[in-house]
Every structure is written in structure tokens, then in C-alpha cells.
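Coordinates as given in run.txt (compact mmCIF, C-alpha atoms):
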```txt
# COMPACT_ATOMS: atom_id res chain seq x y z
CA MET E 130 112.02 -6.63 -7.86
CA ALA E 131 110.54 -9.45 -5.83
CA LEU E 132 108.00 -11.53 -7.72
CA THR E 133 105.51 -14.00 -6.31
CA THR E 134 103.57 -16.76 -8.02
CA LEU E 135 101.63 -15.36 -10.94
CA SER E 136 98.17 -16.32 -12.14
CA LEU E 137 97.54 -15.62 -15.83
CA LEU E 138 94.42 -14.41 -17.61
CA TYR E 139 94.21 -15.13 -21.32
CA VAL E 140 92.29 -13.10 -23.89
CA THR E 141 92.19 -13.13 -27.66
CA ALA E 142 93.00 -9.97 -29.59
CA PRO E 143 94.41 -9.22 -33.03
CA ILE E 144 97.98 -7.94 -33.11
CA LEU E 145 98.37 -4.33 -34.17
CA SER E 146 94.95 -3.66 -32.75
CA ASP E 147 94.32 -1.59 -29.70
CA CYS E 148 91.08 -3.34 -28.85
CA PHE E 149 92.45 -4.62 -25.59
CA LEU E 150 92.89 -1.05 -24.49
CA ARG E 151 89.34 -0.05 -25.20
CA LYS E 152 86.53 -0.11 -22.71
CA SER E 153 84.86 -2.85 -24.74
CA SER E 154 87.86 -5.16 -24.36
CA PRO E 155 87.25 -8.56 -22.70
CA LEU E 156 90.48 -8.12 -20.73
CA LYS E 157 89.73 -7.97 -17.02
CA THR E 158 92.33 -7.19 -14.39
CA SER E 159 92.23 -6.03 -10.82
CA ASN E 160 94.51 -3.56 -9.10
CA VAL E 161 96.99 -3.41 -11.96
CA SER E 162 99.45 -0.81 -10.75
CA PHE E 163 103.15 -0.46 -10.16
CA PHE E 164 102.35 1.61 -7.10
CA GLU E 165 100.24 -0.83 -5.12
CA LYS E 166 101.09 -3.91 -3.12
CA ARG E 167 98.83 -6.13 -5.21
CA ALA E 168 98.70 -6.41 -8.98
CA SER E 169 97.57 -8.90 -11.61
CA ALA E 170 99.22 -10.82 -14.38
CA PHE E 171 97.72 -11.38 -17.79
CA ALA E 172 98.51 -12.86 -21.17
CA LEU E 173 97.29 -11.80 -24.57
CA LYS E 174 96.73 -14.70 -26.95
CA SER E 175 96.02 -13.45 -30.44
CA ASN E 176 95.17 -15.00 -33.78
CA THR E 177 96.34 -12.55 -36.44
CA LYS E 178 95.99 -12.49 -40.19
CA ASN E 179 98.75 -11.52 -42.61
CA ILE E 180 96.84 -9.04 -44.75
CA GLY E 181 99.12 -9.46 -47.75
CA SER E 182 99.02 -13.25 -48.14
CA GLY E 183 95.94 -14.25 -46.25
CA ARG E 184 97.96 -16.55 -44.00
CA ARG E 185 97.06 -16.70 -40.34
CA VAL E 186 99.73 -16.59 -37.65
CA ASP E 187 99.09 -17.62 -34.06
CA ARG E 188 101.08 -15.74 -31.48
CA GLN E 189 100.82 -15.30 -27.75
CA VAL E 190 101.99 -12.23 -25.88
CA VAL E 191 102.29 -12.61 -22.15
CA CYS E 192 102.25 -9.59 -19.85
CA ALA E 193 102.88 -10.33 -16.19
CA VAL E 194 102.69 -8.08 -13.16
CA PRO E 195 103.29 -9.47 -9.65
CA ARG E 196 100.11 -9.93 -7.65
CA GLN E 197 101.75 -9.12 -4.33
CA GLY E 198 105.13 -8.45 -2.76
CA LEU E 199 105.99 -5.80 -5.33
CA ALA E 200 109.20 -4.30 -3.95
CA ARG E 201 109.42 -0.63 -4.81
CA ARG E 202 113.06 0.32 -4.48
CA SER E 203 114.57 3.71 -5.22
CA PRO E 204 117.92 4.21 -6.98
CA VAL E 205 120.49 6.10 -4.93
CA SER E 206 123.44 8.37 -5.59
CA PRO E 207 126.27 9.14 -5.32
CA LEU E 208 127.48 5.57 -4.99
CA GLN E 209 130.82 6.87 -3.70
CA LEU E 210 129.09 6.93 -0.32
CA GLU E 211 129.50 3.13 -0.33
CA GLU E 212 133.29 3.32 -0.60
CA ALA E 213 134.20 4.51 2.90
CA LEU E 214 135.61 1.80 5.13
CA ARG E 215 134.79 3.64 8.36
CA PRO E 216 131.90 5.91 9.32
CA PRO E 217 132.62 9.65 9.08
CA THR E 218 133.01 11.04 12.58
CA ASN E 219 133.01 14.57 14.03
CA LEU E 220 133.31 16.34 10.72
CA TYR E 221 131.82 19.41 12.39
CA THR E 222 132.29 20.60 15.94
CA VAL E 223 130.93 23.28 18.26
CA GLU E 224 133.80 25.52 17.18
CA SER E 225 133.09 24.87 13.50
CA PRO E 226 129.48 23.74 12.97
CA HIS E 227 127.74 23.18 9.65
CA THR E 228 124.77 25.27 8.53
CA VAL E 229 121.82 23.34 7.15
CA THR E 230 118.53 24.45 5.63
CA VAL E 231 115.12 23.10 6.60
CA LEU E 232 113.18 21.53 3.76
CA LYS E 233 110.26 20.01 5.62
CA VAL E 234 108.80 19.80 9.12
CA GLU E 235 105.74 17.60 9.48
CA LYS E 236 103.94 16.12 12.42
CA ILE E 237 103.91 12.33 12.39
CA ALA E 238 100.70 10.58 13.36
CA ASP E 239 101.29 8.55 16.51
CA SER E 240 98.28 7.62 18.58
CA ASN E 241 100.28 5.45 20.98
CA ALA E 242 103.03 7.81 22.14
CA PRO E 243 102.56 10.80 24.44
CA GLY E 244 103.32 14.25 23.11
CA GLU E 245 103.98 15.30 19.52
CA THR E 246 106.63 13.91 17.19
CA TYR E 247 107.90 15.57 14.03
CA HIS E 248 109.76 14.41 10.94
CA VAL E 249 112.34 17.05 10.02
CA VAL E 250 114.20 17.04 6.71
CA PHE E 251 117.17 19.34 6.13
CA ASP E 252 119.49 20.06 3.23
CA HIS E 253 123.22 19.80 3.98
CA ARG E 254 124.25 20.13 0.29
CA GLY E 255 126.20 16.87 0.39
CA PHE E 256 128.67 18.15 2.99
CA LEU E 257 127.43 16.07 5.93
CA PRO E 258 127.99 12.41 5.04
CA HIS E 259 126.88 9.97 7.72
CA TRP E 260 126.14 6.32 8.24
CA GLU E 261 122.90 4.82 9.42
CA GLY E 262 122.75 4.85 13.22
CA GLN E 263 124.87 7.96 13.75
CA VAL E 264 123.83 11.04 15.71
CA PHE E 265 123.85 14.77 14.96
CA GLY E 266 124.32 17.51 17.50
CA VAL E 267 121.93 20.43 17.02
CA MET E 268 123.07 23.79 18.35
CA PRO E 269 120.45 26.10 19.82
CA PRO E 270 119.65 28.95 17.43
CA PRO E 271 120.98 32.35 18.57
CA ASP E 272 117.46 33.47 19.34
CA ASN E 273 116.55 30.28 21.19
CA PRO E 274 114.41 31.53 24.09
CA PHE E 275 114.99 28.40 26.15
CA GLU E 276 118.78 28.17 26.21
CA PRO E 277 120.00 31.66 25.33
CA GLY E 278 123.66 32.49 25.26
CA ASP E 279 124.89 28.88 25.47
CA ALA E 280 125.90 27.79 22.01
CA THR E 281 127.80 24.82 23.43
CA LYS E 282 124.70 23.21 24.85
CA LEU E 283 123.90 20.64 22.19
CA SER E 284 120.80 18.55 21.73
CA TYR E 285 121.45 15.19 20.10
CA PHE E 286 119.19 13.55 17.54
CA SER E 287 119.71 10.25 15.74
CA ALA E 288 119.58 10.33 11.97
CA ALA E 289 116.28 8.90 10.76
CA SER E 290 117.63 8.66 7.22
CA THR E 291 120.24 6.59 5.45
CA ARG E 292 123.41 8.12 4.08
CA TYR E 293 121.42 8.95 0.94
CA GLY E 294 118.83 11.04 2.75
CA GLU E 295 115.16 11.71 2.20
CA PHE E 296 115.44 12.01 -1.58
CA PHE E 297 118.14 9.36 -2.18
CA ASN E 298 120.65 11.89 -3.53
CA GLY E 299 123.10 12.21 -0.62
CA ARG E 300 122.22 15.87 0.01
CA THR E 301 119.71 15.62 2.85
CA ALA E 302 119.19 14.03 6.25
CA ASP E 303 116.16 13.37 8.44
CA LEU E 304 115.49 13.77 12.15
CA CYS E 305 112.72 12.29 14.25
CA VAL E 306 112.08 14.86 16.98
CA ARG E 307 109.74 14.62 19.92
CA ARG E 308 108.55 18.09 20.84
CA VAL E 309 109.38 18.81 24.47
CA PRO E 310 108.29 22.22 25.79
CA ASP E 311 111.01 24.72 26.67
CA THR E 312 113.81 22.80 24.95
CA THR E 313 115.72 22.99 21.69
CA SER E 314 113.47 20.26 20.32
CA GLU E 315 110.51 22.61 20.47
CA THR E 316 112.46 25.24 18.56
CA ILE E 317 113.35 22.70 15.87
CA CYS E 318 109.73 21.57 15.54
CA LYS E 319 108.64 25.18 15.02
CA LEU E 320 111.03 25.80 12.13
CA SER E 321 109.73 26.33 8.60
CA PRO E 322 111.14 25.45 5.16
CA GLY E 323 113.98 27.82 4.38
CA ASP E 324 115.02 28.33 8.01
CA LYS E 325 118.59 27.46 8.93
CA PHE E 326 120.22 25.90 11.97
CA LEU E 327 123.65 24.60 13.00
CA VAL E 328 124.67 20.97 13.41
CA THR E 329 127.74 19.08 14.58
CA GLY E 330 128.87 15.51 14.07
CA PRO E 331 128.07 12.92 12.95
CA THR E 332 129.07 10.97 16.02
CA ARG E 333 128.50 7.88 18.23
CA LYS E 334 128.57 4.24 17.22
CA ALA E 335 126.16 2.25 19.43
CA MET E 336 123.51 2.10 16.72
CA LEU E 337 125.90 1.30 13.88
CA LEU E 338 125.42 -2.22 12.58
CA GLY E 339 127.44 -4.84 14.38
CA ASP E 340 127.86 -6.72 11.12
CA TYR E 341 127.59 -5.17 7.67
CA SER E 342 127.33 -8.43 5.73
CA PRO E 343 124.03 -8.58 3.81
CA ASN E 344 122.93 -11.84 5.43
CA ALA E 345 123.31 -10.75 9.08
CA ASN E 346 120.23 -10.71 11.32
CA HIS E 347 119.31 -7.53 13.24
CA ILE E 348 116.70 -6.92 15.95
CA PHE E 349 115.70 -3.33 16.78
CA VAL E 350 113.88 -2.27 19.95
CA ALA E 351 112.76 1.36 20.05
CA THR E 352 110.64 3.64 22.19
CA GLY E 353 109.18 6.88 20.82
CA SER E 354 111.51 8.88 18.59
CA GLY E 355 114.19 6.27 19.31
CA VAL E 356 112.87 4.51 16.23
CA ALA E 357 115.00 6.89 14.13
CA PRO E 358 118.11 4.69 13.72
CA ALA E 359 115.98 1.59 13.13
CA ARG E 360 114.09 3.43 10.41
CA ALA E 361 117.39 4.38 8.76
CA HIS E 362 118.72 0.81 8.73
CA ILE E 363 115.45 -0.74 7.60
CA ARG E 364 115.04 1.84 4.85
CA ARG E 365 118.50 0.89 3.57
CA PHE E 366 117.64 -2.81 3.72
CA PHE E 367 114.31 -2.66 1.92
CA LYS E 368 113.76 0.70 0.20
CA GLU E 369 116.98 1.66 -1.53
CA ASP E 370 118.34 0.08 -4.69
CA ILE E 371 122.06 -0.21 -3.90
CA PRO E 372 124.00 -2.17 -6.56
CA ASN E 373 126.57 -3.65 -4.19
CA PHE E 374 124.27 -4.24 -1.19
CA LYS E 375 121.34 -6.65 -1.39
CA TYR E 376 120.05 -7.48 2.06
CA SER E 377 119.08 -11.13 2.56
CA GLY E 378 119.05 -11.47 6.35
CA LEU E 379 116.27 -10.94 8.88
CA ALA E 380 115.42 -7.50 10.29
CA TRP E 381 112.98 -7.43 13.21
CA LEU E 382 111.55 -4.23 14.67
CA PHE E 383 109.83 -3.71 18.02
CA GLN E 384 108.53 -0.23 18.77
CA ASP E 385 106.06 1.11 21.32
CA SER E 386 104.48 3.63 18.94
CA ASN E 387 103.28 3.66 15.35
CA LEU E 388 105.83 6.15 13.98
CA TYR E 389 106.55 5.50 10.29
CA ASP E 390 104.03 2.68 10.52
CA SER E 391 102.99 2.81 6.86
CA GLU E 392 106.60 2.36 5.77
CA PHE E 393 107.12 -0.65 7.99
CA GLU E 394 103.83 -2.19 6.93
CA GLN E 395 104.91 -1.79 3.32
CA TYR E 396 108.20 -3.59 3.94
CA LEU E 397 106.32 -6.31 5.79
CA GLY E 398 104.16 -6.88 2.74
CA ASP E 399 107.06 -6.75 0.30
CA TYR E 400 109.54 -8.84 2.27
CA PRO E 401 107.63 -11.16 4.63
CA GLU E 402 110.58 -13.57 4.81
CA ASN E 403 113.08 -10.85 5.72
CA PHE E 404 111.18 -8.41 7.90
CA ARG E 405 109.15 -8.74 11.10
CA TYR E 406 107.33 -5.93 12.86
CA ASN E 407 105.83 -5.90 16.36
CA VAL E 408 104.43 -3.13 18.54
CA LEU E 409 105.14 -3.09 22.26
CA SER E 410 102.47 -2.09 24.76
CA ARG E 411 103.15 0.87 27.02
CA GLU E 412 99.88 0.73 28.91
CA GLU E 413 99.39 -2.84 30.03
CA THR E 414 100.97 -3.83 33.32
CA ASN E 415 101.91 -7.09 34.91
CA LYS E 416 100.70 -8.39 38.27
CA SER E 417 103.27 -6.39 40.20
CA GLY E 418 102.24 -3.16 38.46
CA GLY E 419 105.29 -2.89 36.24
CA LYS E 420 105.29 -2.31 32.49
CA LYS E 421 104.41 -5.35 30.45
CA TYR E 422 106.19 -5.57 27.10
CA VAL E 423 103.59 -7.86 25.64
CA SER E 424 104.93 -8.48 22.16
CA PHE E 425 108.51 -8.85 23.32
CA ALA E 426 107.56 -11.28 26.06
CA GLU E 427 105.68 -13.37 23.54
CA LYS E 428 108.68 -13.42 21.20
CA ALA E 429 111.43 -13.61 23.83
CA GLU E 430 112.24 -17.26 23.16
CA ASP E 431 112.61 -16.65 19.43
CA ILE E 432 114.81 -13.62 20.12
CA PHE E 433 116.95 -15.61 22.53
CA ASP E 434 117.49 -18.27 19.87
CA GLN E 435 118.37 -15.61 17.29
CA LEU E 436 120.97 -14.09 19.61
CA GLN E 437 122.47 -17.49 20.29
CA LYS E 438 122.84 -17.93 16.55
CA GLY E 439 124.68 -14.62 16.21
CA ALA E 440 121.96 -12.01 15.63
CA TYR E 441 122.49 -8.41 16.77
CA ILE E 442 120.05 -6.51 18.95
CA TYR E 443 119.84 -2.71 19.23
CA PHE E 444 118.06 -0.73 21.93
CA SER E 445 117.24 2.92 21.31
CA VAL E 446 115.04 3.39 24.35
CA GLN E 447 114.38 5.52 27.37
CA LYS E 448 116.50 4.83 30.43
CA GLY E 449 115.29 1.92 32.53
CA GLN E 450 113.50 0.14 29.72
CA VAL E 451 116.19 -2.39 28.91
CA GLU E 452 116.03 -4.21 32.27
CA PRO E 453 112.58 -5.79 31.72
CA ILE E 454 113.77 -7.17 28.41
CA VAL E 455 116.92 -8.57 29.98
CA LYS E 456 114.74 -10.30 32.55
CA ALA E 457 112.51 -11.78 29.84
CA LEU E 458 115.54 -13.24 28.08
CA LYS E 459 116.95 -14.52 31.37
CA ASP E 460 113.64 -16.27 32.07
CA VAL E 461 113.82 -17.93 28.66
CA PHE E 462 117.35 -19.09 29.44
CA ALA E 463 116.13 -20.67 32.67
CA ALA E 464 113.05 -22.24 31.08
CA LYS E 465 115.04 -23.78 28.23
CA LYS E 466 117.46 -25.31 30.76
CA VAL E 467 120.40 -24.19 28.66
CA SER E 468 122.60 -24.27 31.74
CA GLU E 469 121.92 -27.96 32.26
CA GLU E 470 122.39 -28.92 28.61
CA LYS E 471 125.53 -26.96 27.87
CA ASN E 472 126.93 -26.23 31.33
CA LEU E 473 126.38 -22.50 30.91
CA VAL E 474 125.30 -19.78 33.29
CA TRP E 475 123.20 -16.75 32.32
CA GLU E 476 125.94 -14.26 33.18
CA ASP E 477 128.30 -15.92 30.71
CA VAL E 478 125.71 -15.99 27.94
CA PHE E 479 124.87 -12.32 28.44
CA ALA E 480 128.53 -11.34 28.63
CA ASN E 481 129.21 -13.23 25.41
CA TRP E 482 126.55 -11.24 23.55
CA LYS E 483 128.15 -8.03 24.74
CA SER E 484 131.70 -9.06 23.91
CA ASN E 485 130.60 -10.02 20.40
CA SER E 486 129.00 -6.56 19.96
CA GLN E 487 125.62 -8.25 19.60
CA TRP E 488 124.09 -6.22 22.45
CA ARG E 489 124.00 -2.52 21.59
CA VAL E 490 122.28 0.14 23.68
CA GLU E 491 121.64 3.86 23.21
CA SER E 492 119.42 5.25 25.97
CA TYR E 493 118.04 8.77 26.22
```
Rewritten as C-alpha cells:
Amino acid sequence: MALTTLSLLYVTAPILSDCFLRKSSPLKTSNVSFFEKRASAFALKSNTKNIGSGRRVDRQVVCAVPRQGLARRSPVSPLQLEEALRPPTNLYTVESPHTVTVLKVEKIADSNAPGETYHVVFDHRGFLPHWEGQVFGVMPPPDNPFEPGDATKLSYFSAASTRYGEFFNGRTADLCVRRVPDTTSETICKLSPGDKFLVTGPTRKAMLLGDYSPNANHIFVATGSGVAPARAHIRRFFKEDIPNFKYSGLAWLFQDSNLYDSEFEQYLGDYPENFRYNVLSREETNKSGGKKYVSFAEKAEDIFDQLQKGAYIYFSVQKGQVEPIVKALKDVFAAKKVSEEKNLVWEDVFANWKSNSQWRVESY
């Protein structure tokens, strides 16, 4: 639990008395709750009398609750999921898929992105272990009206959950699905709790962490439902209570929507030194009429410096949306005159990021 500086409020009350719990008590606090960002701290200073001897004993009882930055972590199980040295890959195939059961399908509020996006939770009974950043293949249901008769035509969705799933017990997984008419995604979004569908995988490695040490720095850039792998990683960093993994690096998220916004805002409040969160603009354009990634452009120099220090950057974006960001970083390189100071050229710097697995892209 992360604690910040505490301010104390002192009141006088006799020990063994419940007066401080009564409405008439002089104790005043504000927002005292283990379920809110802000809470108060207080101390009880009491002068008590020993009834048997008449002696008075002065004692002070201090009760402290953090005023802000209260990190609300959830215990996870089974911890054996931490023991694997490599991510599980292709446990299920088209020839032998795994049947899962829908637990929840809910529309996610997103005023910035076009179309509808849904958060889908399914139960795999603990038989579909995966790592954050991996992808599941979803097979069209037999009665899929859009792709009938082609069970091999998979739709791929990144896991939006950690290996421990929605309920931190290792039995479930989450998907972030944008509803596209006349596709498997629409069928998935129309499912109800109790319905079943077939999955393959897990597979792919682009969105796996480039460095699993707890002090590594990671930058995530996502468009639309591409926020799924970022959400999984960030949830592991700041939501789950994992005994052998305590994240101490910097995680920085850029997304062009407000999917899972309340979660990210919570982490921002709880871990301001370890988490940054920016929203990219889809609508604004530059002078030439192209898309203007406002927040990224404003932070491009900081991102460049982070990459030069060894940070990892992950793009889960629509095709064609990486190039403007590459240009922004190239402009920073030129403006900082790195080539003159260290006899470097942009192509070498960019190639070095890629060879070090710092530059990771999954486009859709």
C-alpha cells in the first residue's frame, strides 16, 4: 500500500468508551474510506481513569489512513502462473480449439472512438494460460451468418486481461472488441452470459514485454480496441498484488480513445511517479491536412530521451499510424543535433531501437 504524507487530527476520548463512534463525538474526518482515492488520518488522545485505584493513565492511540494515493491492489492466484519461463504458445489450434463460456458482455463508454466497443469476459476454467500481450484466435460460431461454413477463418483479439483474468483467479480472460457489422466481432458482441464459443492460441509476441525486470520503462501507444494489451500490462503493474513482482519503473500510455479511462485515471492518482497517461487527438489536423497526434508531438522529445535510455515502446494501432510518430521522433533527433554531438545518423538510432527489441509493433 502506497502511503503519502499524513496530517493528524487529535481528539480526547476515554479508553473503553465508544464515544468517538457516536454522532456527538468531536472527531471530524473527511472522506475516510478504503475505497476512495482520498482519506484522512486521525489520532485519539485519551486520558483514562483506572476505576479500581483512582489512578489516571494518559495514553494516545493513533489511527492513520492515507489521504491520497491509496493503492488498491488485488491478491492473485494461482501463483504457479509466475513460474513459467516462456509464454504458453498455441495450446489450442483450429483442429483442436478450446470451448469457453461467456460471463459478461458490456459496452464500454467511449465518446472519442467511432463505432461501439465491448468488454467481453469468458471463463476458460484455468485451461487457457496466457501472458499479457498475447492474442487469442476466435473461431466463428457454427451459426455465424457472416462467415458460414468456414471454421478456419479466425478473428484475432488481444487479451485485455493479465494471466490472472478478470477476477484474479486464473480462470478467465478478457477481450476488447470493436463491433464491426457483418463480421465475427459483431457475433461476439451479441453473445450473452452462458453462451459458448471456440478459441485458439494464445499466440504472437509483439506485445510481450521486451524486458520483464520490475524497473524497466514501457511506453504504450494504442488506437481504439488496440488498448487491450496495454490495459493487461498496466493492470499487472498497478492493480494486482503479486508477491514476487513489484513494479517500480515508468509505464506511459497514449491512446486515442477513453476506453478503460476510469482504471487509468485511478492508477494515475495512485502511482503518479510510475504512471503517465495521455490521450491522442484523432480529429485535429496539421497544416497539410494530415492527422495531428497532439499529445505525442508535445511529448516526443521526452519519449526520444526515454528510448535512448533503454525504454521500450509498443504500438497496437491501425495500419499507417506509426509513420507520423516515427517522423515526430526523427524531428526531435534533428532538433537535438544528436548527429553532431555523437556522430550518429537517424537510421542507426532507429535500427538500434529495433535490434534491442525496444520498438514493437502490432498493427490491425
Would you list the residues near (133.3, 28.7, 15.9) (no more than 12 Å away, in the coordinates of the file, using all atoms listed in the file) as an mmCIF file with C-alpha atoms, in the coordinates of the input?
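Result file is part07.cif:
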```
data_model
loop_
_atom_site.group_PDB
_atom_site.id
_atom_site.type_symbol
_atom_site.label_atom_id
_atom_site.label_comp_id
_atom_site.auth_asym_id
_atom_site.auth_seq_id
_atom_site.Cartn_x
_atom_site.Cartn_y
_atom_site.Cartn_z
ATOM 1 C CA TYR E 221 131.820 19.410 12.390
ATOM 2 C CA THR E 222 132.290 20.600 15.940
ATOM 3 C CA VAL E 223 130.930 23.280 18.260
ATOM 4 C CA GLU E 224 133.800 25.520 17.180
ATOM 5 C CA SER E 225 133.090 24.870 13.500
ATOM 6 C CA PRO E 226 129.480 23.740 12.970
ATOM 7 C CA HIS E 227 127.740 23.180 9.650
ATOM 8 C CA THR E 228 124.770 25.270 8.530
ATOM 9 C CA MET E 268 123.070 23.790 18.350
ATOM 10 C CA ALA E 280 125.900 27.790 22.010
ATOM 11 C CA THR E 281 127.800 24.820 23.430
ATOM 12 C CA LEU E 327 123.650 24.600 13.000
ATOM 13 C CA VAL E 328 124.670 20.970 13.410
ATOM 14 C CA THR E 329 127.740 19.080 14.580
#
```
Separation of atom CA of Leu379 of chain E from atom CA of Leu304 of chain E, in Å and rounded to one decimal: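 Interatomic distance, atom CA of Leu379 of chain E to atom CA of Leu304 of chain E: 24.9 Å.
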Give me, as an NGL selection string, all polymer residues having an atom no more than 9 Å from Asn407 of chain E, counting all atoms listed in the file and skipping those fewer than 4 positions away in the same chain. :E and (381-385 or 424-425)
Which is closest to Ala289 of chain E among E:Lys459, E:Lys334, E:Lys448, E:Arg364, if we use all atoms listed in the file?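 Closest to Ala289 of chain E, using all atoms listed in the file: E:Arg364.
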Straight-line distance linking atom CA of His248 of chain E with atom CA of Val306 of chain E, stated in Å to one decimal: 6.5 Å
Atom CA of Arg365 of chain E to atom CA of Lys438 of chain E, distance in Å rounded to a single decimal: 23.3 Å
If you count only C-alpha atoms, which residues fall within 10 Å of Glu211 of chain E, apart from same-chain ones fewer than 3 positions away, as a PyMOL selection string? chain E and resi 206-208+214+260+292+371-374
Kindly save the residues from that selection, with C-alpha atoms included, as a tab-separated table (two decimals), in the coordinates of the input.
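And here's part-v7.tsv as it stands now:
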```
chain	number	residue	atom	x	y	z
E	206	SER	CA	123.44	8.37	-5.59
E	207	PRO	CA	126.27	9.14	-5.32
E	208	LEU	CA	127.48	5.57	-4.99
E	214	LEU	CA	135.61	1.80	5.13
E	260	TRP	CA	126.14	6.32	8.24
E	292	ARG	CA	123.41	8.12	4.08
E	371	ILE	CA	122.06	-0.21	-3.90
E	372	PRO	CA	124.00	-2.17	-6.56
E	373	ASN	CA	126.57	-3.65	-4.19
E	374	PHE	CA	124.27	-4.24	-1.19
```
Filtering to all heavy atoms, could segment 230-239 of chain E of the supplied structure be written out as a short mmCIF file (atom, residue, chain, number, x, y, z; two decimals), in the first residue's frame?
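What follows is the written file part.cif:
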```cif
data_model
loop_
_atom_site.label_atom_id
_atom_site.label_comp_id
_atom_site.auth_asym_id
_atom_site.auth_seq_id
_atom_site.Cartn_x
_atom_site.Cartn_y
_atom_site.Cartn_z
N THR E 230 -16.80 -20.14 -22.05
CA THR E 230 -18.17 -19.72 -21.72
C THR E 230 -18.20 -18.23 -21.40
O THR E 230 -17.39 -17.75 -20.59
CB THR E 230 -18.71 -20.51 -20.52
OG1 THR E 230 -18.62 -21.90 -20.78
CG2 THR E 230 -20.15 -20.13 -20.23
N VAL E 231 -19.10 -17.52 -22.01
CA VAL E 231 -19.22 -16.08 -21.79
C VAL E 231 -19.75 -15.81 -20.39
O VAL E 231 -20.73 -16.41 -19.95
CB VAL E 231 -20.17 -15.45 -22.83
CG1 VAL E 231 -20.40 -13.97 -22.52
CG2 VAL E 231 -19.60 -15.62 -24.23
N LEU E 232 -19.09 -14.89 -19.69
CA LEU E 232 -19.55 -14.46 -18.38
C LEU E 232 -20.15 -13.06 -18.43
O LEU E 232 -21.09 -12.76 -17.67
CB LEU E 232 -18.39 -14.48 -17.38
CG LEU E 232 -17.75 -15.83 -17.08
CD1 LEU E 232 -16.63 -15.66 -16.07
CD2 LEU E 232 -18.79 -16.81 -16.56
N LYS E 233 -19.61 -12.22 -19.29
CA LYS E 233 -20.08 -10.84 -19.34
C LYS E 233 -19.78 -10.22 -20.69
O LYS E 233 -18.71 -10.43 -21.25
CB LYS E 233 -19.41 -10.03 -18.22
CG LYS E 233 -19.81 -8.57 -18.18
CD LYS E 233 -19.30 -7.87 -16.92
CE LYS E 233 -17.81 -7.85 -16.82
NZ LYS E 233 -17.35 -7.05 -15.63
N VAL E 234 -20.71 -9.46 -21.20
CA VAL E 234 -20.51 -8.65 -22.40
C VAL E 234 -21.10 -7.28 -22.10
O VAL E 234 -22.30 -7.15 -21.89
CB VAL E 234 -21.21 -9.25 -23.65
CG1 VAL E 234 -21.01 -8.34 -24.85
CG2 VAL E 234 -20.68 -10.65 -23.94
N GLU E 235 -20.25 -6.26 -22.04
CA GLU E 235 -20.76 -4.93 -21.73
C GLU E 235 -20.14 -3.89 -22.64
O GLU E 235 -18.95 -3.95 -22.96
CB GLU E 235 -20.50 -4.58 -20.28
CG GLU E 235 -19.03 -4.48 -19.88
CD GLU E 235 -18.85 -4.09 -18.42
OE1 GLU E 235 -19.87 -3.93 -17.73
OE2 GLU E 235 -17.70 -3.93 -18.00
N LYS E 236 -20.97 -2.96 -23.05
CA LYS E 236 -20.49 -1.87 -23.89
C LYS E 236 -19.66 -0.92 -23.05
O LYS E 236 -20.03 -0.56 -21.94
CB LYS E 236 -21.68 -1.15 -24.52
CG LYS E 236 -21.28 -0.05 -25.50
CD LYS E 236 -22.51 0.60 -26.12
CE LYS E 236 -22.11 1.71 -27.07
NZ LYS E 236 -23.31 2.37 -27.68
N ILE E 237 -18.50 -0.52 -23.61
CA ILE E 237 -17.63 0.40 -22.90
C ILE E 237 -17.87 1.81 -23.41
O ILE E 237 -17.91 2.05 -24.62
CB ILE E 237 -16.14 0.04 -23.13
CG1 ILE E 237 -15.90 -1.43 -22.81
CG2 ILE E 237 -15.24 0.91 -22.26
CD1 ILE E 237 -14.50 -1.88 -23.11
N ALA E 238 -18.05 2.73 -22.51
CA ALA E 238 -18.25 4.13 -22.90
C ALA E 238 -17.00 4.66 -23.57
O ALA E 238 -15.90 4.54 -23.04
CB ALA E 238 -18.59 4.97 -21.67
N ASP E 239 -17.16 5.22 -24.74
CA ASP E 239 -16.02 5.77 -25.49
C ASP E 239 -16.54 6.84 -26.43
O ASP E 239 -16.97 6.54 -27.54
CB ASP E 239 -15.30 4.66 -26.26
CG ASP E 239 -14.11 5.19 -27.04
OD1 ASP E 239 -13.74 6.36 -26.82
OD2 ASP E 239 -13.55 4.45 -27.86
#
```
